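Student: Sharing query_7.cif below, mmCIF, C-alpha atoms:
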data_structure
loop_
_atom_site.label_atom_id
_atom_site.label_comp_id
_atom_site.auth_asym_id
_atom_site.auth_seq_id
_atom_site.Cartn_x
_atom_site.Cartn_y
_atom_site.Cartn_z
CA MET U 1 -8.95 -63.33 -13.19
CA ALA U 2 -12.05 -62.35 -15.18
CA LEU U 3 -9.79 -61.27 -18.02
CA LEU U 4 -8.10 -64.67 -18.00
CA LEU U 5 -11.45 -66.42 -18.05
CA ARG U 6 -12.59 -64.39 -21.02
CA ALA U 7 -9.34 -65.21 -22.83
CA HIS U 8 -9.96 -68.90 -22.20
CA ASP U 9 -13.54 -68.69 -23.41
CA VAL U 10 -12.70 -67.21 -26.79
CA THR U 11 -10.41 -70.12 -27.65
CA SER U 12 -13.50 -72.27 -28.02
CA SER U 13 -14.84 -69.92 -30.70
CA PRO U 14 -15.73 -71.41 -34.08
CA HIS U 15 -13.08 -69.05 -35.57
CA PRO U 16 -9.77 -70.38 -34.21
CA LEU U 17 -7.56 -67.59 -35.65
CA ARG U 18 -9.79 -64.83 -34.33
CA ALA U 19 -9.91 -66.62 -31.00
CA ARG U 20 -6.13 -66.82 -30.76
CA ILE U 21 -5.79 -63.10 -31.63
CA CYS U 22 -8.34 -62.16 -28.96
CA ALA U 23 -6.60 -64.35 -26.41
CA LEU U 24 -3.25 -62.76 -27.20
CA ALA U 25 -4.73 -59.28 -26.91
CA CYS U 26 -6.21 -60.14 -23.52
CA LEU U 27 -2.92 -61.50 -22.25
CA ILE U 28 -1.05 -58.36 -23.42
CA ALA U 29 -3.61 -56.15 -21.72
CA LEU U 30 -3.30 -58.16 -18.52
CA THR U 31 0.50 -57.92 -18.59
CA LEU U 32 0.44 -54.15 -19.15
CA SER U 33 -2.04 -53.63 -16.35
CA ALA U 34 0.15 -55.65 -14.01
CA LEU U 35 3.23 -53.62 -14.92
CA ALA U 36 1.49 -50.23 -14.71
CA PRO U 37 2.19 -48.37 -11.43
CA THR U 38 -0.68 -47.93 -9.04
CA ALA U 39 -1.61 -44.25 -8.82
CA ALA U 40 -1.52 -42.71 -5.36
CA ALA U 41 -4.60 -41.03 -3.99
CA ALA U 42 -4.53 -37.36 -4.97
CA LEU U 43 -4.45 -34.57 -2.39
CA THR U 44 -8.05 -33.57 -1.77
CA ASP U 45 -9.37 -30.03 -1.84
CA PRO U 46 -10.75 -28.93 1.54
CA ALA U 47 -13.06 -26.54 -0.35
CA LEU U 48 -12.95 -24.01 2.44
CA GLU U 49 -16.03 -21.81 2.83
CA ALA U 50 -14.24 -18.47 3.16
CA THR U 51 -13.41 -15.51 0.97
CA ALA U 52 -9.67 -15.79 1.66
CA ALA U 53 -7.45 -18.25 3.47
CA LEU U 54 -3.86 -19.33 3.95
CA LEU U 55 -2.32 -22.32 5.75
CA VAL U 56 1.45 -22.34 6.31
CA GLU U 57 4.11 -24.37 8.09
CA PRO U 58 6.05 -21.41 9.52
CA THR U 59 9.51 -22.96 9.93
CA SER U 60 9.96 -23.85 6.26
CA GLY U 61 7.36 -21.46 4.84
CA THR U 62 5.59 -24.38 3.12
CA VAL U 63 2.14 -23.32 1.93
CA LEU U 64 -0.33 -26.16 2.39
CA TYR U 65 -3.42 -24.29 1.23
CA GLU U 66 -4.32 -20.85 -0.05
CA LEU U 67 -7.41 -19.11 -1.30
CA ASN U 68 -7.32 -15.53 -2.58
CA ALA U 69 -4.38 -14.98 -0.24
CA ASP U 70 -3.30 -11.73 -1.91
CA GLU U 71 -6.72 -10.13 -2.30
CA THR U 72 -7.52 -7.11 -0.13
CA ARG U 73 -9.78 -7.95 2.82
CA TYR U 74 -10.92 -6.30 6.04
CA PRO U 75 -9.19 -7.86 9.06
CA ALA U 76 -11.62 -6.89 11.85
CA SER U 77 -10.12 -7.69 15.28
CA THR U 78 -7.31 -9.80 13.88
CA THR U 79 -5.79 -6.31 13.69
CA LYS U 80 -5.01 -6.70 17.38
CA ILE U 81 -2.20 -9.13 16.51
CA MET U 82 -0.24 -6.14 15.26
CA THR U 83 -1.40 -4.01 18.21
CA ALA U 84 -0.01 -6.61 20.60
CA LEU U 85 3.23 -6.94 18.63
CA ILE U 86 3.89 -3.18 18.70
CA THR U 87 3.14 -3.10 22.42
CA LEU U 88 5.45 -6.00 23.22
CA GLU U 89 8.26 -4.44 21.17
CA ASN U 90 7.95 -1.02 22.80
CA ALA U 91 6.71 -1.40 26.38
CA ASP U 92 7.59 -3.15 29.62
CA LEU U 93 5.07 -5.77 30.73
CA THR U 94 5.20 -4.51 34.32
CA GLN U 95 4.60 -0.87 33.34
CA GLN U 96 1.50 0.46 35.09
CA VAL U 97 -1.07 2.33 33.05
CA THR U 98 -3.92 4.45 34.34
CA VAL U 99 -7.02 4.28 32.13
CA GLU U 100 -8.23 7.70 30.92
CA GLU U 101 -11.64 8.88 29.85
CA GLY U 102 -10.30 9.80 26.42
CA ASP U 103 -9.37 6.17 25.79
CA PHE U 104 -13.04 5.43 25.14
CA THR U 105 -13.68 8.16 22.57
CA ASN U 106 -13.51 5.80 19.61
CA VAL U 107 -14.94 2.71 21.32
CA THR U 108 -18.37 2.21 19.74
CA ALA U 109 -21.38 0.97 21.65
CA ASP U 110 -21.33 -2.40 19.86
CA SER U 111 -17.60 -2.93 20.45
CA SER U 112 -16.21 -5.96 22.20
CA VAL U 113 -14.58 -4.74 25.40
CA ALA U 114 -12.60 -6.06 28.33
CA GLY U 115 -14.58 -3.89 30.79
CA PHE U 116 -11.86 -1.51 31.94
CA GLU U 117 -12.88 1.78 33.59
CA PRO U 118 -11.46 5.32 33.66
CA GLY U 119 -9.07 5.67 36.57
CA GLU U 120 -8.36 1.94 36.77
CA VAL U 121 -4.68 1.05 37.07
CA LEU U 122 -3.42 -2.02 35.23
CA THR U 123 -0.12 -3.38 33.96
CA VAL U 124 0.69 -3.60 30.27
CA GLU U 125 0.58 -7.40 30.58
CA GLN U 126 -2.95 -7.31 32.03
CA LEU U 127 -4.06 -4.97 29.26
CA LEU U 128 -2.64 -7.37 26.67
CA TYR U 129 -4.75 -10.20 28.08
CA GLY U 130 -7.74 -7.85 27.89
CA LEU U 131 -6.81 -7.07 24.28
CA MET U 132 -6.32 -10.62 23.00
CA LEU U 133 -8.75 -12.82 24.97
CA PRO U 134 -12.08 -10.94 25.06
CA SER U 135 -10.87 -8.80 22.11
CA GLY U 136 -11.18 -5.57 24.06
CA ASN U 137 -11.36 -2.50 21.86
CA ASP U 138 -10.99 -0.48 25.06
CA ALA U 139 -7.66 -2.21 25.73
CA SER U 140 -6.40 -1.40 22.24
CA TYR U 141 -6.86 2.36 22.67
CA ILE U 142 -5.47 2.32 26.22
CA LEU U 143 -2.34 0.53 25.02
CA ALA U 144 -1.96 2.77 21.96
CA ARG U 145 -1.87 5.88 24.14
CA ALA U 146 0.35 4.30 26.76
CA VAL U 147 2.91 3.09 24.22
CA ALA U 148 3.04 5.95 21.71
CA GLY U 149 1.55 8.92 23.54
CA ASP U 150 -1.41 9.14 21.17
CA VAL U 151 -3.39 6.82 18.90
CA ASP U 152 -2.31 8.36 15.59
CA THR U 153 1.37 7.86 16.37
CA PHE U 154 0.69 4.28 17.41
CA VAL U 155 -1.18 3.55 14.16
CA GLN U 156 1.76 4.95 12.21
CA MET U 157 4.00 2.55 14.14
CA MET U 158 1.69 -0.27 13.08
CA ASN U 159 1.96 0.69 9.42
CA ASP U 160 5.73 1.14 9.62
CA ARG U 161 6.13 -2.29 11.20
CA ALA U 162 3.91 -3.86 8.54
CA ALA U 163 6.16 -2.42 5.85
CA GLU U 164 9.24 -3.77 7.66
CA LEU U 165 7.68 -7.23 7.62
CA GLY U 166 7.19 -7.06 3.86
CA CYS U 167 3.45 -6.40 3.88
CA THR U 168 2.46 -4.81 0.57
CA GLY U 169 -1.34 -4.96 0.80
CA THR U 170 -1.90 -3.67 4.33
CA HIS U 171 -2.91 -0.35 5.84
CA PHE U 172 -4.13 0.24 9.38
CA ALA U 173 -6.41 3.10 10.43
CA ASN U 174 -6.95 2.14 14.06
CA PRO U 175 -5.53 -0.25 16.69
CA CYS U 176 -8.64 -2.40 17.13
CA GLY U 177 -10.05 -3.34 13.71
CA LEU U 178 -13.32 -1.41 13.71
CA HIS U 179 -14.37 -0.97 10.11
CA ASP U 180 -12.74 1.76 8.08
CA ASP U 181 -12.49 1.69 4.28
CA ASN U 182 -8.82 2.60 4.68
CA HIS U 183 -8.17 -0.28 7.09
CA TYR U 184 -7.35 -3.44 5.19
CA THR U 185 -4.89 -6.31 4.69
CA THR U 186 -4.46 -9.62 2.88
CA ALA U 187 -4.32 -13.16 4.19
CA ARG U 188 -0.62 -13.35 3.24
CA ASP U 189 0.25 -10.08 4.96
CA LEU U 190 -1.67 -11.14 8.04
CA MET U 191 0.36 -14.36 8.05
CA ARG U 192 3.60 -12.32 7.99
CA ILE U 193 2.41 -10.30 10.98
CA THR U 194 1.32 -13.44 12.81
CA GLN U 195 4.67 -15.16 12.31
CA ALA U 196 6.49 -12.14 13.72
CA ALA U 197 4.14 -11.99 16.71
CA MET U 198 4.32 -15.72 17.44
CA ALA U 199 8.11 -15.46 17.58
CA ASN U 200 7.56 -13.50 20.81
CA PRO U 201 7.12 -16.03 23.66
CA THR U 202 4.88 -13.68 25.67
CA PHE U 203 2.53 -13.21 22.74
CA ALA U 204 2.39 -16.97 22.13
CA GLN U 205 1.62 -17.56 25.81
CA ILE U 206 -1.16 -14.97 25.93
CA VAL U 207 -3.00 -16.08 22.78
CA SER U 208 -2.93 -19.76 23.78
CA THR U 209 -4.58 -19.05 27.14
CA PRO U 210 -8.26 -20.18 27.31
CA SER U 211 -8.98 -17.85 30.24
CA PHE U 212 -7.08 -15.43 32.43
CA GLU U 213 -7.71 -14.57 36.07
CA LEU U 214 -7.36 -10.80 36.26
CA PRO U 215 -6.63 -9.84 39.87
CA ALA U 216 -8.50 -7.10 41.67
CA THR U 217 -7.52 -3.55 40.72
CA ASN U 218 -7.97 -0.24 42.46
CA LEU U 219 -11.52 -0.03 41.00
CA GLN U 220 -12.73 -3.57 40.33
CA GLU U 221 -12.85 -6.99 41.91
CA ALA U 222 -10.93 -9.89 40.44
CA ARG U 223 -12.57 -11.32 37.32
CA THR U 224 -12.01 -13.89 34.58
CA LEU U 225 -11.24 -12.91 31.00
CA GLU U 226 -12.46 -15.60 28.57
CA ASN U 227 -10.82 -16.21 25.21
CA SER U 228 -13.19 -15.68 22.27
CA ASN U 229 -11.33 -18.40 20.33
CA LEU U 230 -13.53 -21.42 21.07
CA LEU U 231 -10.97 -23.80 19.56
CA LEU U 232 -9.26 -23.46 22.95
CA ASP U 233 -12.42 -24.08 25.01
CA SER U 234 -12.59 -27.72 26.08
CA THR U 235 -16.35 -27.36 26.69
CA SER U 236 -17.05 -26.09 23.17
CA SER U 237 -18.34 -28.24 20.30
CA VAL U 238 -15.48 -26.92 18.16
CA TYR U 239 -12.76 -27.55 20.72
CA TYR U 240 -9.57 -28.60 18.99
CA ALA U 241 -6.88 -30.03 21.27
CA PRO U 242 -3.90 -29.16 19.03
CA ALA U 243 -4.99 -25.47 18.84
CA GLN U 244 -2.59 -22.84 20.22
CA GLY U 245 -4.43 -19.55 19.63
CA ILE U 246 -4.45 -16.90 18.08
CA LYS U 247 -7.16 -14.25 17.40
CA THR U 248 -10.77 -13.95 16.29
CA GLY U 249 -12.34 -11.06 14.40
CA ASN U 250 -15.81 -9.99 13.34
CA THR U 251 -17.44 -7.00 11.67
CA THR U 252 -20.31 -6.84 9.20
CA GLU U 253 -17.93 -5.83 6.43
CA ALA U 254 -15.16 -8.31 7.27
CA GLY U 255 -17.34 -11.28 8.15
CA ARG U 256 -16.12 -13.85 10.64
CA CYS U 257 -12.32 -14.10 10.73
CA LEU U 258 -9.83 -16.22 12.61
CA VAL U 259 -6.06 -16.43 12.69
CA ALA U 260 -5.10 -19.67 14.39
CA ALA U 261 -2.22 -21.97 15.26
CA ALA U 262 -2.06 -25.68 15.92
CA SER U 263 0.63 -28.24 16.71
CA GLN U 264 0.41 -31.99 16.20
CA ASP U 265 2.92 -34.75 15.43
CA ASP U 266 5.75 -32.20 15.90
CA VAL U 267 4.30 -30.09 13.08
CA THR U 268 3.13 -26.54 13.82
CA LEU U 269 0.76 -24.81 11.41
CA TYR U 270 -0.57 -21.25 11.20
CA SER U 271 -3.83 -20.45 9.44
CA VAL U 272 -5.64 -17.31 8.32
CA VAL U 273 -9.34 -17.59 7.46
CA LEU U 274 -11.20 -14.43 6.45
CA GLY U 275 -14.74 -13.56 5.41
CA CYS U 276 -16.65 -16.56 6.77
CA ALA U 277 -20.36 -16.70 7.43
CA ASP U 278 -21.88 -15.87 10.80
CA ALA U 279 -23.70 -18.54 12.79
CA GLU U 280 -24.24 -19.71 16.34
CA ILE U 281 -20.80 -21.28 15.99
CA PRO U 282 -19.09 -18.95 13.50
CA ALA U 283 -17.89 -20.64 10.29
CA SER U 284 -14.45 -19.17 10.84
CA LEU U 285 -14.07 -21.61 13.75
CA THR U 286 -15.52 -24.68 12.07
CA GLU U 287 -13.66 -24.05 8.80
CA THR U 288 -10.36 -23.48 10.58
CA LYS U 289 -10.75 -26.70 12.55
CA ARG U 290 -11.64 -28.56 9.37
CA LEU U 291 -8.63 -27.06 7.59
CA PHE U 292 -6.27 -28.23 10.33
CA GLU U 293 -7.80 -31.72 10.35
CA TRP U 294 -7.42 -31.91 6.58
CA ALA U 295 -3.77 -30.85 6.77
CA TYR U 296 -2.77 -33.32 9.46
CA ALA U 297 -4.58 -36.14 7.66
CA GLU U 298 -3.13 -35.52 4.20
CA TRP U 299 0.32 -34.06 4.90
CA SER U 300 3.26 -35.51 6.81
CA VAL U 301 6.96 -34.92 7.38
CA GLN U 302 8.77 -37.14 4.91
CA GLU U 303 12.45 -37.96 4.85
CA ILE U 304 14.12 -37.05 1.57
CA VAL U 305 17.68 -38.04 2.45
CA THR U 306 19.18 -39.57 5.59
CA ALA U 307 22.46 -38.52 7.19
CA GLY U 308 25.27 -40.86 6.20
CA THR U 309 23.62 -42.00 2.97
CA ALA U 310 26.15 -42.50 0.16
CA LEU U 311 24.89 -40.49 -2.78
CA GLN U 312 27.80 -40.99 -5.17
CA THR U 313 31.01 -43.01 -5.49
CA VAL U 314 33.71 -41.13 -7.37
CA ASP U 315 37.21 -41.79 -8.67
CA VAL U 316 40.02 -39.96 -6.93
CA VAL U 317 43.24 -38.74 -8.56
CA ASP U 318 46.41 -40.08 -6.91
CA ALA U 319 44.40 -42.44 -4.66
CA HIS U 320 46.23 -45.30 -2.98
CA GLN U 321 45.57 -48.52 -4.91
CA GLY U 322 42.83 -46.76 -6.87
CA GLU U 323 40.57 -46.23 -3.84
CA GLN U 324 37.27 -44.48 -4.52
CA LEU U 325 35.51 -41.85 -2.43
CA GLN U 326 31.95 -42.13 -1.14
CA VAL U 327 30.11 -38.82 -1.26
CA THR U 328 27.68 -38.90 1.68
CA ALA U 329 24.92 -36.68 3.06
CA ASP U 330 26.18 -34.86 6.13
CA GLY U 331 22.69 -34.39 7.56
CA THR U 332 19.09 -35.51 7.23
CA LEU U 333 16.65 -33.55 5.07
CA ALA U 334 12.96 -33.93 5.87
CA LYS U 335 10.10 -31.90 4.47
CA LEU U 336 6.38 -31.52 5.08
CA LEU U 337 4.78 -32.94 1.94
CA PRO U 338 1.43 -34.32 0.78
CA ASN U 339 1.11 -38.01 1.59
CA ASP U 340 0.74 -38.81 -2.13
CA THR U 341 4.09 -37.23 -3.06
CA ASP U 342 5.96 -39.25 -5.68
CA HIS U 343 9.52 -39.34 -4.36
CA ALA U 344 10.73 -40.48 -7.76
CA ALA U 345 9.86 -37.00 -9.02
CA ILE U 346 12.27 -35.36 -6.57
CA THR U 347 15.42 -34.19 -8.34
CA VAL U 348 18.85 -33.56 -6.88
CA SER U 349 21.66 -31.37 -8.19
CA PHE U 350 25.20 -31.57 -6.86
CA ASP U 351 27.71 -28.82 -6.21
CA LEU U 352 30.98 -30.78 -6.20
CA PRO U 353 34.58 -30.28 -7.40
CA GLU U 354 35.22 -31.07 -11.05
CA GLU U 355 38.08 -33.34 -9.95
CA PHE U 356 38.66 -35.21 -6.70
CA CYS U 357 42.27 -35.38 -5.58
CA ALA U 358 43.62 -37.44 -2.68
CA PRO U 359 44.01 -37.37 0.22
CA TYR U 360 40.60 -37.25 1.99
CA THR U 361 39.70 -37.83 5.61
CA GLN U 362 36.26 -39.11 6.50
CA GLY U 363 34.04 -36.15 7.34
CA ASP U 364 35.78 -33.62 5.09
CA VAL U 365 33.19 -31.25 3.61
CA ILE U 366 33.32 -31.56 -0.16
CA GLY U 367 30.13 -29.90 -1.47
CA SER U 368 26.34 -29.79 -1.25
CA ALA U 369 23.22 -31.31 -2.77
CA THR U 370 20.03 -29.39 -3.58
CA TYR U 371 16.67 -31.17 -3.72
CA THR U 372 13.70 -29.87 -5.68
CA LEU U 373 10.21 -31.08 -6.53
CA ASN U 374 8.41 -29.66 -9.56
CA GLY U 375 10.75 -26.68 -9.50
CA GLU U 376 10.16 -25.96 -5.80
CA LEU U 377 13.16 -25.98 -3.47
CA LEU U 378 12.87 -28.67 -0.81
CA GLY U 379 16.22 -28.02 0.84
CA LYS U 380 19.97 -28.53 0.79
CA VAL U 381 22.34 -30.87 2.56
CA THR U 382 26.08 -30.62 3.02
CA LEU U 383 28.09 -33.42 1.44
CA SER U 384 31.14 -34.93 3.09
CA ALA U 385 33.72 -37.67 2.55
CA GLY U 386 32.31 -41.00 3.66
CA ASN U 387 35.70 -42.67 3.93
CA ASP U 388 39.43 -42.00 4.07
CA VAL U 389 41.38 -41.96 0.81
CA ASP U 390 45.17 -42.02 1.11
CA LEU U 391 47.77 -40.81 -1.37
CA SER U 392 49.54 -43.36 -3.53
CA ALA U 393 53.27 -43.88 -2.83
CA LEU U 394 54.28 -42.26 -6.11
CA ALA U 395 52.05 -39.29 -5.41
CA GLN U 396 53.55 -38.93 -1.94
CA ILE U 397 57.07 -38.77 -3.43
CA ARG U 398 55.89 -36.26 -6.02
CA HIS U 399 54.18 -34.18 -3.39
CA ILE U 400 57.30 -34.21 -1.20
CA ALA U 401 59.42 -33.14 -4.15
CA LEU U 402 56.99 -30.44 -5.13
CA GLY U 403 56.83 -29.34 -1.53
CA ILE U 404 60.57 -29.04 -1.36
CA ILE U 405 60.76 -27.22 -4.68
CA SER U 406 57.94 -24.84 -3.82
CA SER U 407 59.25 -24.09 -0.32
CA PRO U 408 60.72 -20.59 0.14
CA ILE U 409 63.40 -22.11 2.38
CA THR U 410 64.53 -24.31 -0.50
CA TRP U 411 64.97 -21.29 -2.72
CA VAL U 412 66.81 -19.40 0.01
CA VAL U 413 69.20 -22.33 0.55
CA LEU U 414 69.63 -22.74 -3.18
CA GLY U 415 70.33 -19.03 -3.54
CA VAL U 416 72.91 -19.13 -0.78
CA PHE U 417 74.52 -22.19 -2.40
CA VAL U 418 74.72 -20.44 -5.77
CA VAL U 419 76.18 -17.34 -4.16
CA LEU U 420 78.79 -19.44 -2.38
CA ILE U 421 79.75 -21.22 -5.61
CA ILE U 422 80.04 -17.93 -7.47
CA ALA U 423 82.05 -16.46 -4.63
CA SER U 424 84.33 -19.49 -4.65
CA ILE U 425 84.85 -19.20 -8.38
CA MET U 426 85.56 -15.50 -8.06
CA ARG U 427 88.09 -16.08 -5.28
CA GLY U 428 89.86 -18.75 -7.35
CA TRP U 429 90.03 -16.45 -10.36
CA GLN U 430 91.35 -13.55 -8.30
CA GLN U 431 93.98 -15.74 -6.66
CA ARG U 432 95.18 -17.01 -10.06
CA ARG U 433 95.34 -13.49 -11.37
CA ARG U 434 97.38 -12.35 -8.42
CA ARG U 435 99.85 -15.21 -8.89
CA LEU U 436 100.27 -14.33 -12.53
CA THR U 437 100.86 -10.66 -11.85
CA SER U 438 103.36 -11.26 -9.00
CA GLN U 439 105.66 -13.70 -10.96
CA PRO U 440 109.07 -11.92 -12.00
CA ARG U 441 109.89 -11.55 -15.66
CA HIS U 442 113.30 -13.11 -16.85
CA SER U 443 115.08 -11.35 -19.83
CA GLN U 444 116.54 -13.35 -22.65
CA PRO U 445 120.42 -13.55 -22.55
CA PRO U 446 122.08 -11.63 -25.33
CA ARG U 447 123.16 -13.58 -28.30
CA SER U 448 127.04 -13.82 -28.40
CA ARG U 449 128.75 -13.01 -31.54
CA GLY U 450 130.89 -15.76 -32.80
CA ALA U 451 134.53 -15.17 -33.83
CA HIS U 452 135.25 -14.87 -37.44
CA PHE U 453 138.27 -16.60 -38.73
CA LYS U 454 139.86 -15.74 -41.86
#
Let me see the structure of the file written as structure tokens.
Tutor:
Amino acid sequence: MALLLRAHDVTSSPHPLRARICALACLIALTLSALAPTAAAALTDPALEATAALLVEPTSGTVLYELNADETRYPASTTKIMTALITLENADLTQQVTVEEGDFTNVTADSSVAGFEPGEVLTVEQLLYGLMLPSGNDASYILARAVAGDVDTFVQMMNDRAAELGCTGTHFANPCGLHDDNHYTTARDLMRITQAAMANPTFAQIVSTPSFELPATNLQEARTLENSNLLLDSTSSVYYAPAQGIKTGNTTEAGRCLVAAASQDDVTLYSVVLGCADAEIPASLTETKRLFEWAYAEWSVQEIVTAGTALQTVDVVDAHQGEQLQVTADGTLAKLLPNDTDHAAITVSFDLPEEFCAPYTQGDVIGSATYTLNGELLGKVTLSAGNDVDLSALAQIRHIALGIISSPITWVVLGVFVVLIIASIMRGWQQRRRRLTSQPRHSQPPRSRGAHFK
């Protein structure tokens, strides 16, 4: 409106031509501004205060955020994710284990422990709760011996499993995460390990438990094991209702670390945050919560194509009365994307026959469509026939004729017919020959000599 007012004002200028030019320029500018698309708000940067981080939607593998995700870092007690995974893959939960004095050899005085004692008898499941909730270093060595026979063999199992999962920047030196220069990982490798562990229902149940009531054992009364992940604690200032675990970690060299999971609006996310500052409420907790809140505020599941949508209409060879075929999406494709995603920038490529030939029945699979955004694969959908397409009458006749001609039975019948004709001809020829050869020959009568008269 201000632009229009200024355009009106200049027409009263003492220079009419200049005024008209200015007015025209203003009107053009106004028109262009009206036609220009309104830019969507850009995805903000959460500016995470950590040395390395990674946020992933595990089902699709979509990376929502990453920071130095492939740089080598110390994992501290997030190591115990792998310790639990190896245990769950190689031991029975009900197996009873007697704690030995030697299990405490490598447990330092400043270690976090679950409070188990030599001679105490526990199940593997109870030891896992002691490992993952209070982050018991004692539990890690007890489990390592119980599963593998000795700690060194167990650590080798950890490294072998990491390699199987595709970890290229990881090496374990112990089952608990106490600092060792030769004990390291990356945020991306730790995410691979976490995804494998969370696929185990027992692991997912344990790490999402705020507290566990450990029953009385042969040496101790019943007690409560509290989870060190305060995102699960409803009384904590950093409580986060969507949180579903997973594991804290802390050493001087590693800083505050947290691998976490959350689920909201039917979207599950896994995060790795390493090397955060220490505080009364560790920054690993506050930064992880902030990262999840950022993700759920600025990302959403967006539908790219809906099942049954006609994507193309194509001509069909030999179609009845020139009917066309609708190429439709056989399923719905939805993807977790930033809220400001420009759907016009999504491209689709089709894998379809070069020529469509009748007949078609609705639902026939005829190809696929691949959707990409800025070179990144979003997904594929199967394409099917959206309607029936019948053969034309002429094509039906041609097809019947071709079917008859191409049928092996036709050629057999034809062959038999030819053989019969040839045989008939041969019989006729033989019969004629026999008649000719059996007919008697008649000699010519002698010529009589006439009398001669003198």
Student: Which polymer residues have any atom within 12 Å of an atom of Glu213 (chain U), counting only C-alpha atoms, with same-chain residues fewer than 4 positions away left out, as a PyMOL selection string?
Tutor: chain U and resi 126+129-130+133+209+217+221-227
Student: Under the PyMOL selection byres ((chain U and resi 391-402) around 10), which residues of this model are included? Write them out as a PDB file with C-alpha atoms, keeping the file's coordinate frame.
Tutor:
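Once everything was written out, this is result_23.pdb:
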ATOM      1  CA  VAL U 316      40.020 -39.960  -6.930  1.00  0.00           C
ATOM      2  CA  VAL U 317      43.240 -38.740  -8.560  1.00  0.00           C
ATOM      3  CA  ASP U 318      46.410 -40.080  -6.910  1.00  0.00           C
ATOM      4  CA  ALA U 319      44.400 -42.440  -4.660  1.00  0.00           C
ATOM      5  CA  HIS U 320      46.230 -45.300  -2.980  1.00  0.00           C
ATOM      6  CA  GLN U 321      45.570 -48.520  -4.910  1.00  0.00           C
ATOM      7  CA  GLY U 322      42.830 -46.760  -6.870  1.00  0.00           C
ATOM      8  CA  GLU U 323      40.570 -46.230  -3.840  1.00  0.00           C
ATOM      9  CA  CYS U 357      42.270 -35.380  -5.580  1.00  0.00           C
ATOM     10  CA  ALA U 358      43.620 -37.440  -2.680  1.00  0.00           C
ATOM     11  CA  PRO U 359      44.010 -37.370   0.220  1.00  0.00           C
ATOM     12  CA  TYR U 360      40.600 -37.250   1.990  1.00  0.00           C
ATOM     13  CA  VAL U 389      41.380 -41.960   0.810  1.00  0.00           C
ATOM     14  CA  ASP U 390      45.170 -42.020   1.110  1.00  0.00           C
ATOM     15  CA  GLY U 403      56.830 -29.340  -1.530  1.00  0.00           C
ATOM     16  CA  ILE U 404      60.570 -29.040  -1.360  1.00  0.00           C
ATOM     17  CA  ILE U 405      60.760 -27.220  -4.680  1.00  0.00           C
ATOM     18  CA  SER U 406      57.940 -24.840  -3.820  1.00  0.00           C
ATOM     19  CA  SER U 407      59.250 -24.090  -0.320  1.00  0.00           C
TER      20      SER U 407
END
Student: Would you please work out which residue, of U:Leu383, U:Ala344, U:Val419, U:Leu269, is nearest to Gly61 (chain U) when using all atoms listed in the file?
Tutor: U:Leu269
Student: Going by the chain IDs and residue numbers used in this file, which residues fall under the PyMOL selection byres ((chain U and resi 374) around 10)? Write them as a compact mmCIF listing (two decimals) with C-alpha atoms, keeping the file's coordinate frame.
Tutor:
# COMPACT_ATOMS: atom_id res chain seq x y z
CA ALA U 345 9.86 -37.00 -9.02
CA ILE U 346 12.27 -35.36 -6.57
CA THR U 347 15.42 -34.19 -8.34
CA THR U 372 13.70 -29.87 -5.68
CA LEU U 373 10.21 -31.08 -6.53
CA GLY U 375 10.75 -26.68 -9.50
CA GLU U 376 10.16 -25.96 -5.80
CA LEU U 377 13.16 -25.98 -3.47
CA LEU U 378 12.87 -28.67 -0.81
Student: Compile the contact shell of Leu285 (chain U) as number ranges by chain: residues with an atom at most 7 Å away, counting only C-alpha atoms, same-chain residues fewer than 3 positions apart removed.
Tutor: U: 231, 258, 282, 288-289
Student: Which residue out of U:Ala53, U:Ile142, U:Val155, U:Thr251 has the minimum interatomic distance to Asp110 (chain U) when only C-alpha atoms are used?
Tutor: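 Residue with the minimum atom-to-atom distance to Asp110 (chain U): U:Thr251.
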Student: Report as a PDB file with C-alpha atoms, in the coordinates of the input the residues that result from applying the PyMOL selection byres ((chain U and resi 54) around 9) to the structure here.
Tutor:
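And here's out.pdb as it stands now:
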ATOM      1  CA  ALA U  52      -9.670 -15.790   1.660  1.00  0.00           C
ATOM      2  CA  ALA U  53      -7.450 -18.250   3.470  1.00  0.00           C
ATOM      3  CA  LEU U  55      -2.320 -22.320   5.750  1.00  0.00           C
ATOM      4  CA  VAL U  56       1.450 -22.340   6.310  1.00  0.00           C
ATOM      5  CA  VAL U  63       2.140 -23.320   1.930  1.00  0.00           C
ATOM      6  CA  LEU U  64      -0.330 -26.160   2.390  1.00  0.00           C
ATOM      7  CA  TYR U  65      -3.420 -24.290   1.230  1.00  0.00           C
ATOM      8  CA  GLU U  66      -4.320 -20.850  -0.050  1.00  0.00           C
ATOM      9  CA  LEU U  67      -7.410 -19.110  -1.300  1.00  0.00           C
ATOM     10  CA  ASN U  68      -7.320 -15.530  -2.580  1.00  0.00           C
ATOM     11  CA  ALA U  69      -4.380 -14.980  -0.240  1.00  0.00           C
ATOM     12  CA  ALA U 187      -4.320 -13.160   4.190  1.00  0.00           C
ATOM     13  CA  ARG U 188      -0.620 -13.350   3.240  1.00  0.00           C
ATOM     14  CA  MET U 191       0.360 -14.360   8.050  1.00  0.00           C
ATOM     15  CA  TYR U 270      -0.570 -21.250  11.200  1.00  0.00           C
ATOM     16  CA  SER U 271      -3.830 -20.450   9.440  1.00  0.00           C
ATOM     17  CA  VAL U 272      -5.640 -17.310   8.320  1.00  0.00           C
ATOM     18  CA  VAL U 273      -9.340 -17.590   7.460  1.00  0.00           C
TER      19      VAL U 273
END
